[in-house]
Amino acid sequence: MLAWTTNPEAPGGLALRDVPEPVPSPDEVLVRVEAFAPNPGDLAALTGAAAGSVPGWDGSGIVIEPAADGHGPRAGDRVLFLGLAARGWAQRRVVPLAMTAAAPADASPERLATLPVPATSALRAVRRLGSLLGRRVLVVGATSAVGRFAVQLAARSGAHVVAVARDEHRHAELRALGAAETHATPASVTRRVHGAIDMIGGPHLVDAYALLERGGTVIALGHAAGADEHFPYGAFVADPSTSDRSITSFFLGTEPELDTEMALLGADPSLDVGPLDVRSWTALATWITDGARRDAGRVVFRVDQEHADRPTGA
Ligand SMILES: NC(=O)c1ccc[n+]([C@@H]2O[C@H](COP(=O)([O-])OP(=O)(O)OC[C@H]3O[C@@H](n4cnc5c(N)ncnc54)[C@H](OP(=O)(O)O)[C@@H]3O)[C@@H](O)[C@H]2O)c1
């Protein structure tokens, strides 16, 4: 079968090559991959990946071979999956049962491919903030893939969602997703919040923490700014209105019940995944070389099973 493999000499650091067919363990399913949507983490993981390895975490596909232990989706089921051990940018892959969920047969594979990492991260983060009915929740980096889902899921939970995104042209989109307030930076938010989910880090994380009410938590989910966090003196000096505030780190791979969460999200047609920019998977390396831009929406690669025109230089 064909798979993208890491190759430091190739454009984008990837080459489309013949590789051996994957062999599932008893608790894994063998999937014919239909689509995948690279995450920032996928791209970051390319640096330092062993030469010749197959990158790619999550996506969607059809089960070829169910798990030998008799559990989980059956042959022919459409599934979405999270494969944090990579091996996903391939025509076929194996995925642990605990990271695979059956989806409706008529669900769009491209849509499903956008859900695993971003939507389950948003769901787990919203859950961590506890009961949100009538509470103010700050989402920093609200136009990011995770952020768009966090806005929707927090709003559905009854929160007053305060969405922060630097691109003010997209604030109307965030209001349509359920945000009650929109801001370009957390610094312009004036009222305290019960909790925050931060995809950006750096000064945004510092400002989000300063906005917490007593007992509030910031979930430092992402670090897209790549910037240091410097807390001014006094940030952790509490008074009766600011005691017991916290910042917590987050790693999706250690969150429980991801198969259940993916089944829930995959079966929900009302979840807005935003515009999709669907491309042939043969264009993956070129997209990465060109800066992995998402100008026309979330970039989804559709995997061709029959053949693949090898890109120049691969
Ligand atoms: N801990 C975990 O398990 C986990 C799980 C999932 C994701 N993450 C992390 O969460 C973050 C978001 O992931 P994603 O897939 O949602 O990313 P994404 O869709 O690529 O979005 C990244 C966002 O960051 C914004 N941004 C980048 N630099 C910024 C800056 N200096 N100031 C303000 N905004 C900035 C971008 O704004 P523009 O649109 O304006 O460019 C964009 O909205 C990433 O860091 C990712 O690695 C972590």
# chains A, B, ... in the order shown; residues from 1 in each chain; ligands from 1

$ residues_near_ligand --ligand "ligand 1" --cutoff "7 Å" --atoms "only C-alpha atoms and all ligand atoms" --output "PyMOL selection string"
chain A and resi 39-41+117-118+121+141-147+165-167+199-200+221-225+250-253

$ closest_residue --among "A:Ala3, A:Val95, A:Ala45, A:Leu212" --to "Val23 of chain A" --atoms "only C-alpha atoms"
A:Val95

$ atom_distance --atom1 "atom CA of Ala150 of chain A" --atom2 "atom CA of Gly130 of chain A"
13.6 Å

$ closest_atom_pairs --of "segment 204-275 of chain A" --to "segment 101-104 of chain A" --cutoff "10 Å" --atoms "only C-alpha atoms" --output "JSON lines"
{"residue": "A:Leu258", "atom": "CA", "partner": "A:Ala101", "partner_atom": "CA", "distance": 8.6}
{"residue": "A:Asp259", "atom": "CA", "partner": "A:Ala101", "partner_atom": "CA", "distance": 5.2}
{"residue": "A:Thr260", "atom": "CA", "partner": "A:Ala101", "partner_atom": "CA", "distance": 7.0}
{"residue": "A:Glu261", "atom": "CA", "partner": "A:Ala101", "partner_atom": "CA", "distance": 8.4}
{"residue": "A:Met262", "atom": "CA", "partner": "A:Ala101", "partner_atom": "CA", "distance": 5.9}
{"residue": "A:Ala263", "atom": "CA", "partner": "A:Ala101", "partner_atom": "CA", "distance": 5.1}
{"residue": "A:Leu264", "atom": "CA", "partner": "A:Ala103", "partner_atom": "CA", "distance": 8.8}
{"residue": "A:Leu265", "atom": "CA", "partner": "A:Ala103", "partner_atom": "CA", "distance": 9.0}
{"residue": "A:Gly266", "atom": "CA", "partner": "A:Ala103", "partner_atom": "CA", "distance": 5.6}
{"residue": "A:Ala267", "atom": "CA", "partner": "A:Ala103", "partner_atom": "CA", "distance": 6.0}
{"residue": "A:Asp268", "atom": "CA", "partner": "A:Pro104", "partner_atom": "CA", "distance": 9.5}

$ write_last_selection --atoms "N, CA and C atoms" --output "tab-separated table (two decimals), in the first residue's frame"
chain	number	residue	atom	x	y	z
A	258	LEU	N	-12.50	8.20	25.09
A	258	LEU	CA	-12.46	8.94	23.82
A	258	LEU	C	-13.29	8.25	22.73
A	259	ASP	N	-13.42	6.91	22.80
A	259	ASP	CA	-14.27	6.23	21.81
A	259	ASP	C	-15.73	6.65	21.98
A	260	THR	N	-16.17	6.73	23.23
A	260	THR	CA	-17.55	7.15	23.51
A	260	THR	C	-17.77	8.59	23.05
A	261	GLU	N	-16.80	9.45	23.34
A	261	GLU	CA	-16.93	10.86	22.96
A	261	GLU	C	-16.97	11.00	21.44
A	262	MET	N	-16.13	10.24	20.74
A	262	MET	CA	-16.11	10.35	19.27
A	262	MET	C	-17.42	9.85	18.67
A	263	ALA	N	-18.00	8.80	19.26
A	263	ALA	CA	-19.29	8.29	18.77
A	263	ALA	C	-20.35	9.38	18.91
A	264	LEU	N	-20.33	10.06	20.05
A	264	LEU	CA	-21.29	11.14	20.31
A	264	LEU	C	-21.12	12.27	19.28
A	265	LEU	N	-19.90	12.69	19.08
A	265	LEU	CA	-19.63	13.81	18.18
A	265	LEU	C	-19.88	13.44	16.71
A	266	GLY	N	-19.50	12.21	16.36
A	266	GLY	CA	-19.65	11.77	14.96
A	266	GLY	C	-21.11	11.62	14.55
A	267	ALA	N	-21.98	11.41	15.53
A	267	ALA	CA	-23.39	11.20	15.23
A	267	ALA	C	-24.20	12.48	15.32
A	268	ASP	N	-23.53	13.60	15.53
A	268	ASP	CA	-24.25	14.87	15.75
A	268	ASP	C	-24.12	15.78	14.53

$ residues_around --residues "Leu271 of chain A" --least-positions-apart "6" --cutoff "10 Å" --atoms "only C-alpha atoms" --output "list of chain:residue names"
A:Leu115, A:Ala119, A:Arg148, A:Phe149, A:Gln152, A:Leu153, A:Leu177, A:Leu265

$ write_last_selection --atoms "all heavy atoms" --output "compact mmCIF listing (two decimals), in the first residue's frame"
# COMPACT_ATOMS: atom_id res chain seq x y z
N LEU A 115 -13.04 15.81 13.20
CA LEU A 115 -13.53 15.78 14.59
C LEU A 115 -12.55 15.22 15.63
O LEU A 115 -12.48 15.75 16.74
CB LEU A 115 -14.83 14.96 14.65
CG LEU A 115 -16.02 15.51 13.86
CD1 LEU A 115 -17.19 14.53 13.91
CD2 LEU A 115 -16.45 16.86 14.42
N ALA A 119 -12.39 18.11 18.24
CA ALA A 119 -13.70 18.10 18.91
C ALA A 119 -13.66 17.34 20.23
O ALA A 119 -14.30 17.74 21.21
CB ALA A 119 -14.77 17.51 17.99
N ARG A 148 -13.48 26.57 17.92
CA ARG A 148 -14.84 26.60 17.35
C ARG A 148 -15.72 25.54 18.02
O ARG A 148 -16.89 25.78 18.29
CB ARG A 148 -14.79 26.34 15.84
CG ARG A 148 -14.19 27.49 15.03
CD ARG A 148 -14.19 27.16 13.54
NE ARG A 148 -15.41 27.59 12.87
CZ ARG A 148 -16.49 26.86 12.68
NH1 ARG A 148 -16.54 25.61 13.11
NH2 ARG A 148 -17.53 27.35 12.06
N PHE A 149 -15.15 24.35 18.27
CA PHE A 149 -15.95 23.32 18.94
C PHE A 149 -16.19 23.70 20.40
O PHE A 149 -17.27 23.46 20.94
CB PHE A 149 -15.25 21.96 18.85
CG PHE A 149 -15.22 21.38 17.46
CD1 PHE A 149 -14.03 20.99 16.87
CD2 PHE A 149 -16.40 21.20 16.74
CE1 PHE A 149 -14.00 20.44 15.59
CE2 PHE A 149 -16.38 20.66 15.46
CZ PHE A 149 -15.18 20.28 14.88
N GLN A 152 -19.08 26.12 20.69
CA GLN A 152 -20.39 25.46 20.49
C GLN A 152 -20.78 24.60 21.69
O GLN A 152 -21.93 24.64 22.16
CB GLN A 152 -20.34 24.58 19.25
CG GLN A 152 -20.17 25.36 17.95
CD GLN A 152 -20.02 24.43 16.75
OE1 GLN A 152 -20.98 23.80 16.32
NE2 GLN A 152 -18.82 24.35 16.21
N LEU A 153 -19.84 23.82 22.20
CA LEU A 153 -20.18 22.89 23.27
C LEU A 153 -20.43 23.62 24.59
O LEU A 153 -21.32 23.24 25.36
CB LEU A 153 -19.07 21.84 23.42
CG LEU A 153 -18.89 20.94 22.17
CD1 LEU A 153 -17.66 20.05 22.32
CD2 LEU A 153 -20.14 20.08 21.94
N LEU A 177 -22.03 30.72 16.19
CA LEU A 177 -21.77 29.42 16.82
C LEU A 177 -22.23 29.38 18.28
O LEU A 177 -22.22 28.32 18.91
CB LEU A 177 -20.27 29.09 16.77
CG LEU A 177 -19.69 28.83 15.37
CD1 LEU A 177 -18.18 28.61 15.47
CD2 LEU A 177 -20.36 27.65 14.71
N LEU A 265 -19.90 12.69 19.08
CA LEU A 265 -19.63 13.81 18.18
C LEU A 265 -19.88 13.44 16.71
O LEU A 265 -20.40 14.23 15.94
CB LEU A 265 -18.18 14.28 18.38
CG LEU A 265 -17.89 14.86 19.77
CD1 LEU A 265 -16.41 14.84 20.07
CD2 LEU A 265 -18.43 16.28 19.88

$ closest_residue --among "A:Ala172, A:Ala220, A:Val94, A:Ala180" --to "Pro66 of chain A" --atoms "only C-alpha atoms"
A:Val94

$ residues_around --residues "Ser25 of chain A" --least-positions-apart "4" --cutoff "9 Å" --atoms "only C-alpha atoms" --output "VMD selection string"
chain A and resid 29 67 to 68 94 96

$ write_last_selection --atoms "all heavy atoms" --output "PDB file, in the first residue's frame"
ATOM      1  N   VAL A  29      -8.360  -2.462  15.138  1.00  0.00           N
ATOM      2  CA  VAL A  29      -9.108  -2.676  13.901  1.00  0.00           C
ATOM      3  C   VAL A  29      -8.246  -2.226  12.724  1.00  0.00           C
ATOM      4  O   VAL A  29      -7.431  -1.312  12.848  1.00  0.00           O
ATOM      5  CB  VAL A  29     -10.442  -1.894  13.878  1.00  0.00           C
ATOM      6  CG1 VAL A  29     -11.445  -2.490  14.837  1.00  0.00           C
ATOM      7  CG2 VAL A  29     -10.238  -0.434  14.187  1.00  0.00           C
ATOM      8  N   ALA A  67     -11.754  -5.955  15.254  1.00  0.00           N
ATOM      9  CA  ALA A  67     -10.803  -6.444  16.254  1.00  0.00           C
ATOM     10  C   ALA A  67     -11.025  -7.941  16.481  1.00  0.00           C
ATOM     11  O   ALA A  67     -12.160  -8.400  16.577  1.00  0.00           O
ATOM     12  CB  ALA A  67     -10.982  -5.672  17.553  1.00  0.00           C
ATOM     13  N   ALA A  68      -9.933  -8.680  16.585  1.00  0.00           N
ATOM     14  CA  ALA A  68     -10.030 -10.138  16.753  1.00  0.00           C
ATOM     15  C   ALA A  68     -10.675 -10.512  18.073  1.00  0.00           C
ATOM     16  O   ALA A  68     -11.189 -11.625  18.222  1.00  0.00           O
ATOM     17  CB  ALA A  68      -8.637 -10.758  16.649  1.00  0.00           C
ATOM     18  N   VAL A  94      -3.919   0.601  11.197  1.00  0.00           N
ATOM     19  CA  VAL A  94      -4.543  -0.048  12.348  1.00  0.00           C
ATOM     20  C   VAL A  94      -4.758   1.013  13.424  1.00  0.00           C
ATOM     21  O   VAL A  94      -3.984   1.958  13.536  1.00  0.00           O
ATOM     22  CB  VAL A  94      -3.699  -1.215  12.903  1.00  0.00           C
ATOM     23  CG1 VAL A  94      -3.618  -2.334  11.880  1.00  0.00           C
ATOM     24  CG2 VAL A  94      -2.319  -0.760  13.326  1.00  0.00           C
ATOM     25  N   PRO A  96      -6.223   1.374  17.686  1.00  0.00           N
ATOM     26  CA  PRO A  96      -6.721   0.691  18.880  1.00  0.00           C
ATOM     27  C   PRO A  96      -8.231   0.872  19.006  1.00  0.00           C
ATOM     28  O   PRO A  96      -8.758   1.954  18.719  1.00  0.00           O
ATOM     29  CB  PRO A  96      -6.001   1.404  20.034  1.00  0.00           C
ATOM     30  CG  PRO A  96      -4.888   2.165  19.411  1.00  0.00           C
ATOM     31  CD  PRO A  96      -5.269   2.440  17.996  1.00  0.00           C
TER      32      PRO A  96
END

$ atom_distance --atom1 "atom CA of Pro73 of chain A" --atom2 "atom CA of Phe301 of chain A"
23.3 Å

$ residues_around --residues "Val303 of chain A" --least-positions-apart "3" --cutoff "7 Å" --atoms "only C-alpha atoms" --output "number ranges by chain"
A: 33-35, 91, 280-281

$ residues_around --residues "Ala296 of chain A" --least-positions-apart "5" --cutoff "10 Å" --atoms "only C-alpha atoms" --output "NGL selection string"
:A and (274-278)
